[in-house]
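Visitor: TSV, C-alpha atoms and all ligand atoms, file target09.tsv:
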```
chain	number	residue	atom	x	y	z
A	186	MET	CA	95.41	118.38	120.90
A	187	GLY	CA	98.37	118.36	118.57
A	188	VAL	CA	99.62	116.06	115.83
A	189	ARG	CA	101.98	114.16	118.12
A	190	ALA	CA	99.17	113.35	120.54
A	191	ARG	CA	97.03	112.10	117.65
A	192	LEU	CA	99.84	109.88	116.38
A	193	ASP	CA	100.41	108.63	119.92
A	194	GLU	CA	96.80	107.42	120.00
A	195	ILE	CA	97.61	104.95	117.21
A	196	GLY	CA	101.19	104.30	118.27
A	197	ASP	CA	100.50	100.76	119.41
A	198	ILE	CA	98.30	99.71	116.49
A	199	GLY	CA	99.94	97.35	114.01
A	200	ARG	CA	103.40	97.26	115.52
A	201	ASP	CA	105.47	94.54	113.89
A	202	PRO	CA	107.46	92.65	116.54
A	203	VAL	CA	109.47	90.74	113.94
A	204	ARG	CA	110.40	93.40	111.38
A	205	GLY	CA	110.18	96.39	113.72
A	206	GLY	CA	108.06	99.41	112.86
A	207	TYR	CA	104.51	98.89	111.65
A	208	SER	CA	102.74	96.43	109.38
A	209	ARG	CA	99.27	97.77	108.66
A	210	HIS	CA	97.66	96.25	105.60
A	211	LEU	CA	94.32	96.74	103.94
A	212	LEU	CA	91.46	95.45	106.08
A	213	ASP	CA	93.68	93.51	108.48
A	214	ASP	CA	93.13	93.93	112.24
A	215	ALA	CA	95.47	96.92	112.43
A	216	ASP	CA	93.88	98.65	109.45
A	217	LEU	CA	90.40	98.10	110.87
A	218	ALA	CA	91.52	99.50	114.24
A	219	LEU	CA	93.02	102.54	112.51
A	220	ARG	CA	89.83	103.08	110.53
A	221	ASP	CA	87.91	102.92	113.77
A	222	TRP	CA	90.26	105.48	115.33
A	223	PHE	CA	89.78	107.76	112.34
A	224	ARG	CA	86.02	107.50	112.55
A	225	ARG	CA	86.02	108.30	116.27
A	226	SER	CA	88.48	111.18	115.90
A	227	ALA	CA	86.51	112.73	113.04
A	228	GLU	CA	83.17	112.29	114.77
A	229	SER	CA	84.53	113.93	117.90
A	230	LEU	CA	85.19	116.99	115.70
A	231	GLY	CA	81.59	116.85	114.56
A	232	LEU	CA	82.47	115.59	111.08
A	233	PHE	CA	80.16	113.30	109.14
A	234	VAL	CA	82.02	110.08	108.25
A	235	GLU	CA	81.20	107.80	105.34
A	236	GLN	CA	82.97	104.99	103.54
A	237	ASP	CA	82.78	104.96	99.75
A	238	GLY	CA	82.46	101.87	97.55
A	239	ASN	CA	86.25	101.58	97.32
A	240	ALA	CA	86.79	101.51	101.10
A	241	ASN	CA	88.09	105.08	101.21
A	242	LEU	CA	86.90	106.99	104.28
A	243	TRP	CA	85.57	110.54	104.00
A	244	ALA	CA	84.93	112.85	106.96
A	245	TRP	CA	82.98	115.93	105.99
A	246	TRP	CA	82.98	119.30	107.67
A	247	GLY	CA	79.79	120.75	106.30
A	248	GLU	CA	77.41	119.08	103.86
A	249	PRO	CA	79.18	116.68	101.46
A	250	GLY	CA	78.73	119.10	98.56
A	251	MET	CA	80.41	120.46	95.45
A	252	ASP	CA	83.76	122.22	95.10
A	253	ALA	CA	85.03	120.59	98.28
A	254	VAL	CA	88.55	121.04	99.57
A	255	ALA	CA	89.81	117.58	100.50
A	256	THR	CA	92.90	116.72	102.48
A	257	GLY	CA	94.25	113.48	103.89
A	258	SER	CA	96.46	110.53	103.08
A	259	HIS	CA	96.49	106.86	104.05
A	260	LEU	CA	96.81	104.70	107.15
A	261	ASP	CA	98.21	101.47	105.67
A	262	SER	CA	101.96	100.82	105.64
A	263	VAL	CA	104.60	98.78	103.92
A	264	PRO	CA	105.75	95.66	105.85
A	265	GLY	CA	107.79	96.99	108.76
A	266	GLY	CA	107.19	100.62	107.81
A	267	GLY	CA	107.61	103.83	109.74
A	268	ALA	CA	105.15	105.76	111.86
A	269	TYR	CA	104.63	108.73	109.54
A	270	ASP	CA	104.20	107.63	105.91
A	271	GLY	CA	100.46	108.09	105.61
A	272	PRO	CA	99.32	108.62	109.21
A	273	LEU	CA	101.08	112.01	109.43
A	274	GLY	CA	98.85	113.33	106.64
A	275	VAL	CA	95.70	111.99	108.26
A	276	ALA	CA	96.56	113.17	111.78
A	277	SER	CA	97.60	116.59	110.41
A	278	ALA	CA	94.33	116.91	108.49
A	279	LEU	CA	92.31	116.18	111.64
A	280	GLU	CA	94.47	118.58	113.61
A	281	ALA	CA	94.10	121.32	110.98
A	282	VAL	CA	90.31	121.00	111.18
A	283	ALA	CA	90.49	121.11	114.99
A	284	ARG	CA	92.61	124.28	114.84
A	285	LEU	CA	90.21	125.98	112.45
A	286	GLN	CA	87.24	125.04	114.58
A	287	ALA	CA	88.99	126.37	117.69
A	288	GLU	CA	89.44	129.75	116.06
A	289	GLY	CA	85.77	129.83	115.06
A	290	PHE	CA	86.39	129.53	111.33
A	291	ARG	CA	83.35	128.77	109.19
A	292	PRO	CA	84.23	127.25	105.81
A	293	THR	CA	82.37	128.53	102.77
A	294	ARG	CA	83.21	125.32	100.89
A	295	PRO	CA	82.89	121.79	102.27
A	296	ILE	CA	86.11	120.44	103.74
A	297	ALA	CA	86.71	116.70	103.64
A	298	VAL	CA	89.34	114.65	105.43
A	299	VAL	CA	90.04	111.49	103.49
A	300	VAL	CA	91.77	108.18	104.19
A	301	PHE	CA	92.59	106.30	101.00
A	302	ALA	CA	92.61	102.50	101.03
A	303	GLU	CA	95.82	100.49	100.43
A	304	GLU	CA	98.12	103.29	99.28
A	305	GLU	CA	101.20	101.10	99.59
A	306	GLY	CA	99.84	98.15	97.66
A	307	SER	CA	101.35	95.90	100.30
A	308	ARG	CA	98.46	93.47	100.38
A	309	PHE	CA	97.19	93.25	96.80
A	310	GLY	CA	100.16	94.63	94.87
A	311	LEU	CA	98.36	97.70	93.56
A	312	PRO	CA	99.64	100.94	95.09
A	313	CYS	CA	96.94	103.60	95.60
A	314	LEU	CA	94.26	100.97	95.16
A	315	GLY	CA	91.46	103.08	96.65
A	316	SER	CA	92.23	106.28	94.75
A	317	ARG	CA	92.95	104.42	91.50
A	318	LEU	CA	89.60	102.69	91.63
A	319	MET	CA	87.82	105.94	92.43
A	320	VAL	CA	89.25	107.82	89.44
A	321	GLY	CA	88.81	104.83	87.13
A	322	ALA	CA	92.54	104.25	86.64
A	323	SER	CA	92.28	100.55	87.54
A	324	ASP	CA	89.94	97.92	86.24
A	325	PRO	CA	87.78	96.49	89.05
A	326	ALA	CA	87.99	93.04	87.43
A	327	ASP	CA	91.80	93.18	87.59
A	328	VAL	CA	91.66	94.20	91.24
A	329	ARG	CA	89.18	91.46	92.12
A	330	ALA	CA	91.40	88.87	90.43
A	331	ARG	CA	94.22	89.59	92.90
A	332	ALA	CA	95.16	87.66	96.03
A	333	ASP	CA	97.41	88.47	98.97
A	334	ARG	CA	100.54	86.60	100.08
A	335	GLU	CA	98.49	84.06	101.99
A	336	GLY	CA	96.32	83.36	98.97
A	337	VAL	CA	93.33	85.25	100.39
A	338	THR	CA	91.51	86.67	97.38
A	339	PHE	CA	90.47	90.29	97.15
A	340	ASP	CA	86.82	89.29	97.31
A	341	GLN	CA	87.42	87.13	100.38
A	342	ALA	CA	89.26	89.92	102.21
A	343	TRP	CA	86.61	92.44	101.29
A	344	THR	CA	83.75	90.17	102.31
A	345	ALA	CA	85.42	89.21	105.59
A	346	ALA	CA	85.46	92.90	106.49
A	347	GLY	CA	81.74	93.13	105.80
A	348	LEU	CA	82.21	94.97	102.48
A	349	ASP	CA	80.65	94.23	99.11
A	350	PRO	CA	83.38	93.78	96.46
A	351	SER	CA	80.90	94.46	93.68
A	352	THR	CA	80.82	98.13	94.75
A	353	ILE	CA	84.43	98.87	93.73
A	354	GLY	CA	85.10	100.99	90.68
A	355	PRO	CA	84.93	104.50	89.28
A	356	ASP	CA	83.13	107.07	91.40
A	357	PRO	CA	82.75	110.10	89.10
A	358	GLU	CA	80.06	111.59	91.29
A	359	ARG	CA	82.38	111.76	94.32
A	360	LEU	CA	85.35	112.82	92.24
A	361	GLY	CA	83.25	115.58	90.72
A	362	ARG	CA	82.61	117.05	94.15
A	363	LEU	CA	86.29	117.74	94.74
A	364	GLY	CA	87.54	121.23	93.97
A	365	ALA	CA	91.03	120.65	95.37
A	366	PHE	CA	93.06	117.93	97.09
A	367	ILE	CA	96.03	118.59	99.34
A	368	GLU	CA	98.07	115.71	100.78
A	369	LEU	CA	100.49	116.41	103.58
A	370	HIS	CA	103.22	113.76	103.82
A	371	VAL	CA	106.48	113.14	105.60
A	372	GLU	CA	109.38	113.77	103.23
A	373	GLN	CA	110.96	110.51	102.07
A	374	GLY	CA	114.47	111.88	101.75
A	375	VAL	CA	116.82	114.42	103.33
A	376	ASP	CA	116.28	117.40	101.05
A	377	LEU	CA	114.56	119.53	103.69
A	378	GLU	CA	116.98	118.46	106.42
A	379	ASP	CA	119.85	119.47	104.15
A	380	ARG	CA	118.20	122.82	103.40
A	381	GLY	CA	117.40	123.43	107.06
A	382	MET	CA	113.72	123.98	106.23
A	383	PRO	CA	110.71	122.33	107.91
A	384	LEU	CA	108.26	122.34	105.00
A	385	ALA	CA	108.05	122.21	101.22
A	386	THR	CA	105.50	121.66	98.49
A	387	ALA	CA	105.83	118.98	95.80
A	388	SER	CA	106.45	119.75	92.15
A	389	ALA	CA	106.18	116.28	90.63
A	390	ILE	CA	106.23	112.53	91.17
A	391	ILE	CA	108.58	110.60	88.94
A	392	PRO	CA	107.08	107.66	86.98
A	393	HIS	CA	107.24	104.22	88.52
A	394	GLY	CA	105.98	100.70	88.07
A	395	ARG	CA	106.00	97.22	89.54
A	396	TRP	CA	106.58	93.92	87.77
A	397	ARG	CA	106.38	90.40	89.10
A	398	LEU	CA	109.08	88.13	87.69
A	399	THR	CA	108.47	84.41	87.99
A	400	VAL	CA	111.36	82.06	87.29
A	401	ASP	CA	110.49	78.39	86.97
A	402	GLY	CA	113.17	75.74	87.26
A	403	GLU	CA	113.41	72.18	88.46
A	404	GLY	CA	112.94	71.26	92.10
A	405	ASN	CA	115.40	68.62	93.22
A	406	HIS	CA	117.58	67.26	96.01
A	407	ALA	CA	120.35	69.53	97.34
A	408	GLY	CA	122.64	66.61	98.12
A	409	THR	CA	122.23	64.31	95.15
A	410	THR	CA	121.87	66.71	92.22
A	411	PRO	CA	125.26	67.52	90.61
A	412	MET	CA	125.98	71.22	90.25
A	413	VAL	CA	126.04	70.90	86.45
A	414	ALA	CA	122.64	69.18	86.30
A	415	ARG	CA	120.65	71.89	88.02
A	416	HIS	CA	118.01	74.31	86.81
A	417	ASP	CA	117.98	76.48	89.89
A	418	PRO	CA	115.58	79.44	89.68
A	419	ILE	CA	117.16	81.13	92.72
A	420	VAL	CA	120.53	81.22	91.02
A	421	ALA	CA	118.96	82.66	87.88
A	422	LEU	CA	117.00	85.21	89.84
A	423	ALA	CA	120.06	86.30	91.80
A	424	GLU	CA	121.70	87.21	88.51
A	425	VAL	CA	118.58	89.02	87.36
A	426	VAL	CA	118.61	91.14	90.53
A	427	LEU	CA	122.21	92.14	89.86
A	428	ALA	CA	121.37	92.89	86.22
A	429	ALA	CA	118.51	95.16	87.31
A	430	ARG	CA	120.80	97.05	89.66
A	431	ASP	CA	123.54	97.37	87.02
A	432	THR	CA	121.09	98.51	84.34
A	433	ALA	CA	119.75	101.27	86.59
A	434	VAL	CA	123.24	102.39	87.57
A	435	ALA	CA	124.26	102.49	83.89
A	436	ALA	CA	121.10	104.45	82.98
A	437	GLY	CA	121.96	107.15	85.55
A	438	ARG	CA	119.76	110.28	85.60
A	439	GLY	CA	118.00	109.25	88.80
A	440	ALA	CA	116.96	105.82	87.51
A	441	ARG	CA	116.19	103.30	90.25
A	442	ALA	CA	115.59	99.57	90.18
A	443	THR	CA	114.78	97.64	93.33
A	444	VAL	CA	113.96	94.07	94.19
A	445	GLY	CA	112.69	94.24	97.74
A	446	ARG	CA	110.44	91.23	97.79
A	447	LEU	CA	111.14	87.59	96.95
A	448	ALA	CA	109.20	84.38	97.22
A	449	VAL	CA	110.60	80.91	96.85
A	450	THR	CA	108.80	77.61	96.31
A	451	PRO	CA	109.02	75.36	98.24
A	452	ASN	CA	111.56	77.33	100.35
A	453	GLY	CA	113.45	74.46	101.96
A	454	THR	CA	117.09	74.50	103.02
A	455	ASN	CA	117.92	71.16	101.42
A	456	VAL	CA	115.74	71.64	98.36
A	457	ILE	CA	116.68	73.15	95.00
A	458	ALA	CA	113.73	75.45	94.43
A	459	SER	CA	111.22	74.84	91.67
A	460	ARG	CA	110.15	78.47	91.47
A	461	ALA	CA	111.50	81.84	92.53
A	462	GLU	CA	109.64	85.12	92.25
A	463	ALA	CA	110.86	88.68	92.52
A	464	TRP	CA	108.97	91.95	92.51
A	465	LEU	CA	110.83	94.57	90.51
A	466	ASP	CA	110.17	98.25	91.27
A	467	ILE	CA	111.50	100.66	88.62
A	468	ARG	CA	111.46	104.46	88.75
A	469	ALA	CA	113.02	107.07	86.47
A	470	GLY	CA	112.62	110.64	85.33
A	471	ALA	CA	110.32	109.97	82.36
A	472	ASP	CA	107.81	107.29	81.42
A	473	ASP	CA	109.98	106.22	78.47
A	474	ASP	CA	113.01	105.93	80.73
A	475	VAL	CA	111.11	103.50	82.97
A	476	ARG	CA	110.02	101.45	79.94
A	477	THR	CA	113.54	101.42	78.52
A	478	LEU	CA	115.05	100.41	81.82
A	479	LEU	CA	112.49	97.62	82.11
A	480	ALA	CA	113.09	96.40	78.55
A	481	ASP	CA	116.87	96.39	79.02
A	482	THR	CA	116.57	94.55	82.32
A	483	LEU	CA	114.18	91.96	80.91
A	484	ALA	CA	116.32	91.35	77.81
A	485	ARG	CA	119.24	90.58	80.08
A	486	ALA	CA	117.00	88.55	82.39
A	487	GLU	CA	115.79	86.35	79.50
A	488	GLU	CA	119.41	85.43	78.70
A	489	LEU	CA	120.37	84.79	82.30
A	490	VAL	CA	117.32	82.68	83.02
A	491	ALA	CA	117.71	80.66	79.80
A	492	ALA	CA	121.37	80.02	80.62
A	493	GLU	CA	120.24	78.31	83.81
A	494	GLY	CA	117.71	76.23	81.91
A	495	CYS	CA	114.81	78.01	83.54
A	496	THR	CA	111.88	80.01	82.17
A	497	LEU	CA	110.81	83.56	82.92
A	498	THR	CA	107.28	84.99	83.10
A	499	VAL	CA	106.68	88.70	83.64
A	500	ALA	CA	103.46	90.36	84.82
A	501	GLU	CA	102.94	94.10	85.27
A	502	GLU	CA	101.36	94.86	88.64
A	503	SER	CA	101.11	98.62	88.29
A	504	PHE	CA	102.39	101.57	86.30
A	505	SER	CA	102.19	105.22	87.27
A	506	SER	CA	103.03	107.91	84.73
A	507	ILE	CA	104.84	111.09	85.63
A	508	VAL	CA	102.72	113.48	87.71
A	509	ALA	CA	103.00	117.26	87.72
A	510	PHE	CA	101.07	118.86	90.55
A	511	ASP	CA	98.81	121.84	89.93
A	512	ALA	CA	101.22	124.74	89.47
A	513	GLY	CA	98.78	127.47	90.52
A	514	LEU	CA	97.66	125.67	93.66
A	515	THR	CA	101.23	124.69	94.52
A	516	GLU	CA	102.43	128.26	94.12
A	517	ARG	CA	99.54	129.52	96.20
A	518	ILE	CA	100.31	127.08	99.00
A	519	GLY	CA	104.01	127.91	98.74
A	520	GLY	CA	103.05	131.54	99.32
A	521	ILE	CA	100.79	130.71	102.25
A	522	LEU	CA	103.68	128.76	103.77
A	523	GLY	CA	105.96	131.76	103.43
A	524	GLY	CA	107.77	130.87	100.24
A	525	VAL	CA	108.88	127.26	100.48
A	526	PRO	CA	110.56	125.23	97.72
A	527	ALA	CA	108.62	122.84	95.48
A	528	ILE	CA	110.55	119.58	95.28
A	529	PRO	CA	110.06	116.48	93.12
A	530	THR	CA	109.72	113.06	94.74
A	531	GLY	CA	110.44	109.49	93.82
A	532	ALA	CA	107.62	108.19	96.02
A	533	GLY	CA	104.08	107.48	94.88
A	534	HIS	CA	101.05	109.10	96.53
A	535	ASP	CA	97.27	109.14	96.21
A	536	ALA	CA	97.75	112.82	95.36
A	537	GLY	CA	99.46	111.66	92.17
A	538	ILE	CA	96.45	109.58	91.22
A	539	LEU	CA	94.03	112.46	91.81
A	540	ALA	CA	96.20	115.09	90.11
A	541	PRO	CA	94.97	114.47	86.52
A	542	SER	CA	91.35	114.92	87.66
A	543	VAL	CA	91.46	117.47	90.50
A	544	PRO	CA	93.73	120.47	91.23
A	545	THR	CA	96.14	118.76	93.60
A	546	ALA	CA	99.14	119.75	95.68
A	547	MET	CA	101.28	118.29	98.45
A	548	ILE	CA	103.00	119.59	101.55
A	549	PHE	CA	106.12	117.76	102.74
A	550	VAL	CA	107.27	117.75	106.35
A	551	ARG	CA	111.01	117.45	107.04
A	552	ASN	CA	112.30	114.00	107.94
A	553	PRO	CA	115.52	114.25	109.99
A	554	THR	CA	116.65	110.73	109.11
A	555	GLY	CA	115.59	110.84	105.48
A	556	VAL	CA	114.62	107.18	105.92
A	557	SER	CA	111.21	105.96	104.81
A	558	HIS	CA	109.48	102.60	104.31
A	559	ALA	CA	111.51	101.47	107.33
A	560	PRO	CA	111.26	101.87	111.11
A	561	GLY	CA	113.86	104.66	111.12
A	562	GLU	CA	111.49	107.13	109.46
A	563	GLY	CA	111.36	110.33	111.48
A	564	ALA	CA	109.66	113.67	112.01
A	565	ARG	CA	110.26	116.21	114.78
A	566	ASP	CA	107.34	117.26	116.96
A	567	GLU	CA	107.73	120.94	116.09
A	568	ASP	CA	107.79	120.16	112.36
A	569	CYS	CA	104.64	118.04	112.65
A	570	GLU	CA	102.86	120.93	114.38
A	571	ALA	CA	104.20	123.38	111.79
A	572	GLY	CA	102.82	121.11	109.08
A	573	ALA	CA	99.36	121.04	110.65
A	574	ALA	CA	99.43	124.81	111.07
A	575	ALA	CA	100.42	125.20	107.42
A	576	LEU	CA	97.63	122.88	106.37
A	577	ALA	CA	95.15	124.86	108.51
A	578	ASP	CA	96.35	128.10	106.88
A	579	THR	CA	95.88	126.50	103.47
A	580	LEU	CA	92.38	125.22	104.23
A	581	ARG	CA	91.39	128.57	105.71
A	582	GLU	CA	92.50	130.40	102.60
A	583	LEU	CA	90.95	127.92	100.15
A	584	ALA	CA	87.65	127.63	102.02
A	585	SER	CA	87.09	131.29	102.88
C	1	LIG	C1	104.77	104.24	97.96
C	1	LIG	O1	105.00	104.93	98.93
C	1	LIG	C2	105.75	104.13	96.95
C	1	LIG	O2	106.28	105.16	96.51
C	1	LIG	O3	106.07	103.00	96.61
C	2	MN	MN	104.91	104.81	101.32
C	3	MN	MN	102.55	107.53	101.77
C	4	MN	MN	103.46	106.20	98.90
```
What is this structure when it is put down as structure tokens?
Guide:
Amino acid sequence: MGVRARLDEIGDIGRDPVRGGYSRHLLDDADLALRDWFRRSAESLGLFVEQDGNANLWAWWGEPGMDAVATGSHLDSVPGGGAYDGPLGVASALEAVARLQAEGFRPTRPIAVVVFAEEEGSRFGLPCLGSRLMVGASDPADVRARADREGVTFDQAWTAAGLDPSTIGPDPERLGRLGAFIELHVEQGVDLEDRGMPLATASAIIPHGRWRLTVDGEGNHAGTTPMVARHDPIVALAEVVLAARDTAVAAGRGARATVGRLAVTPNGTNVIASRAEAWLDIRAGADDDVRTLLADTLARAEELVAAEGCTLTVAEESFSSIVAFDAGLTERIGGILGGVPAIPTGAGHDAGILAPSVPTAMIFVRNPTGVSHAPGEGARDEDCEAGAAALADTLRELAS
């Protein structure tokens, strides 16, 4: 039926009329509708669908057995995200299976199509929540202690969806069944567009982490509080944001610092805030570079916040070390795809979480805009179909 037609089936699910693009977050109405779509699509291909204890969905072609070749991605999005980050990998995996079935292929190893839960961390702050829990990289107690922006706790969200939060955690039995994992993903940059190539493999994911900065000040009246008598956490935080940017620029070597999310209490026009929070996303070429960039930013932040008579609290929400994908598998896929480049990426993926445990590789599909995590994300129809064909070729070779 084609990748585009599969994406069109979910094109109206989770559209965000305010931000544009899509807002699809773990176990919200859109996510549940997407999960339902996945289940129906997989079952119509004769796959056996199950949900694991971490809310990841698995669709098996053949008995769920050992040495399986798994492929897939995620269906959740960032707030106001694009149409491809995640869903392209899932739709392409389904399409690849459909292509192989149409040609009469019979896999000698089980093939699984997987949808990982909450890859973006947009609801509970933990990117790759489902895969991290499965491999044991996150503590279930830490996950269950989290709440979303509306104050809905993890346990409440899980229970409302009919799930049992006590089932989350390491799943060595399932992990042990996987012989390989391949994630196809839209490229989140313009490298392939610049090279004039539709596809690539991934060499590595650069390290990244998230920190929540809470600045507490003194709430007061906007009209009656003299400028010199204020302890305004928004003013302090504004300077911290600039310091983070400047520190990353000074560090160079691909270092990145981003504050893309803020929260203000009580958030009133005529009120000096009592609290301002920022979520700081830092990425750099090496784990130590991320830590150094964080330390330098926080040292500066302490000074800036103190100068405003406010206090700063810092909490780490996630940290992901550098990931090198399986060189042999990546080279093999590169060969199957006709000799494509292996490129590093600054974006996180479930593939990066699985890579230390399972031979893992990625296939990137050209993005003509280079934009991602925003409505302008793009992928041409012919490149999407080429990606699914490449994934089918890869599965055929690995499961023959
Ligand atoms: C997820 O896509 C991330 O890289 O933040
Ligand atoms: Mn993403
Ligand atoms: Mn993604
Ligand atoms: Mn991602």
Visitor: Counting all atoms listed in the file, give me one row per residue of chain A with an atom at most 9 Å from an atom of ligand MN 2 (chain C), showing the shortest contact pair and its distance in Å to one decimal, sorted by chain then residue number, as JSON lines.
Guide:
```
{"residue": "A:Asp261", "atom": "CA", "partner": "C:MN2", "partner_atom": "MN", "distance": 8.7}
{"residue": "A:Ser262", "atom": "CA", "partner": "C:MN2", "partner_atom": "MN", "distance": 6.6}
{"residue": "A:Val263", "atom": "CA", "partner": "C:MN2", "partner_atom": "MN", "distance": 6.6}
{"residue": "A:Gly266", "atom": "CA", "partner": "C:MN2", "partner_atom": "MN", "distance": 8.1}
{"residue": "A:Gly267", "atom": "CA", "partner": "C:MN2", "partner_atom": "MN", "distance": 8.9}
{"residue": "A:Asp270", "atom": "CA", "partner": "C:MN2", "partner_atom": "MN", "distance": 5.4}
{"residue": "A:Gly271", "atom": "CA", "partner": "C:MN2", "partner_atom": "MN", "distance": 7.0}
{"residue": "A:Glu304", "atom": "CA", "partner": "C:MN2", "partner_atom": "MN", "distance": 7.3}
{"residue": "A:Glu305", "atom": "CA", "partner": "C:MN2", "partner_atom": "MN", "distance": 5.5}
{"residue": "A:Gln373", "atom": "CA", "partner": "C:MN2", "partner_atom": "MN", "distance": 8.3}
{"residue": "A:Ala532", "atom": "CA", "partner": "C:MN2", "partner_atom": "MN", "distance": 6.8}
{"residue": "A:Gly533", "atom": "CA", "partner": "C:MN2", "partner_atom": "MN", "distance": 7.0}
{"residue": "A:His534", "atom": "CA", "partner": "C:MN2", "partner_atom": "MN", "distance": 7.5}
{"residue": "A:Ser557", "atom": "CA", "partner": "C:MN2", "partner_atom": "MN", "distance": 7.3}
{"residue": "A:His558", "atom": "CA", "partner": "C:MN2", "partner_atom": "MN", "distance": 5.9}
```
Visitor: Those residues with C-alpha atoms, as a JSON list (two decimals), keeping the file's coordinate frame please?
Guide:
```json
[["chain", "number", "residue", "atom", "x", "y", "z"],
["A", 261, "ASP", "CA", 98.21, 101.47, 105.67],
["A", 262, "SER", "CA", 101.96, 100.82, 105.64],
["A", 263, "VAL", "CA", 104.60, 98.78, 103.92],
["A", 266, "GLY", "CA", 107.19, 100.62, 107.81],
["A", 267, "GLY", "CA", 107.61, 103.83, 109.74],
["A", 270, "ASP", "CA", 104.20, 107.63, 105.91],
["A", 271, "GLY", "CA", 100.46, 108.09, 105.61],
["A", 304, "GLU", "CA", 98.12, 103.29, 99.28],
["A", 305, "GLU", "CA", 101.20, 101.10, 99.59],
["A", 373, "GLN", "CA", 110.96, 110.51, 102.07],
["A", 532, "ALA", "CA", 107.62, 108.19, 96.02],
["A", 533, "GLY", "CA", 104.08, 107.48, 94.88],
["A", 534, "HIS", "CA", 101.05, 109.10, 96.53],
["A", 557, "SER", "CA", 111.21, 105.96, 104.81],
["A", 558, "HIS", "CA", 109.48, 102.60, 104.31]]
```
Visitor: I'd like to know which of A:His210, A:Cys313, A:Gly205, A:Pro295 is closest to A:Leu232, using all atoms listed in the file.
Guide: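 Of the candidates, the smallest distance to A:Leu232 is held by A:Pro295.
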Visitor: Just how far from atom C2 of ligand LIG 1 (chain C) is atom CA of A:Gly394, in Å to one decimal?
Guide: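 It comes out at 9.5 Å.
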Visitor: To one decimal place, how far is atom CA of A:Arg334 from atom CA of A:Ser307 in Å?
Guide: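 So the two atoms, atom CA of A:Arg334 and atom CA of A:Ser307, lie 9.3 Å apart.
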Visitor: Mind checking which residues fall within 10 Å of A:Glu502, counting only C-alpha atoms, ignoring those fewer than 6 positions away in the same chain, and posting them as number ranges by chain?
Guide: A: 306, 309-312, 327, 331, 394-397, 464-466
Visitor: Mind giving me the straight-line distance from atom CA of A:Asp473 to atom CA of A:Leu514 in Å, one decimal?
Guide: 27.6 Å
Visitor: Using all atoms listed in the file, which residue out of A:Ser351, A:Thr477, A:Ser277, A:Ser258 lies closest to ligand LIG 1 (chain C)?
Guide: A:Ser258
Visitor: Skipping near chain neighbours, those fewer than 5 positions away, what residues fall within 9 Å of A:Met186 using only C-alpha atoms, listed as a PyMOL selection string?
Guide: chain A and resi 191+280+283-284
Visitor: Let me have the centre and edge lengths of the axis-aligned box enclosing all listed atoms of stretch 398-417 of chain A with 6 Å padding on every side, in Å to one decimal, as JSON.
Guide:
```
{"center_x": 117.3, "center_y": 76.2, "center_z": 92.2, "size_x": 29.6, "size_y": 35.8, "size_z": 23.8}
```
Visitor: A:Asp535, A:Asp216, A:Glu424, A:Glu582: which is nearest ligand MN 4 (chain C), counting all atoms listed in the file?
Guide: A:Asp535
Visitor: Pick out the closest residue to A:Thr515 from this set: A:Asp340, A:Glu248, A:Glu368, A:Asp221. Count all atoms listed in the file.
Guide: A:Glu368
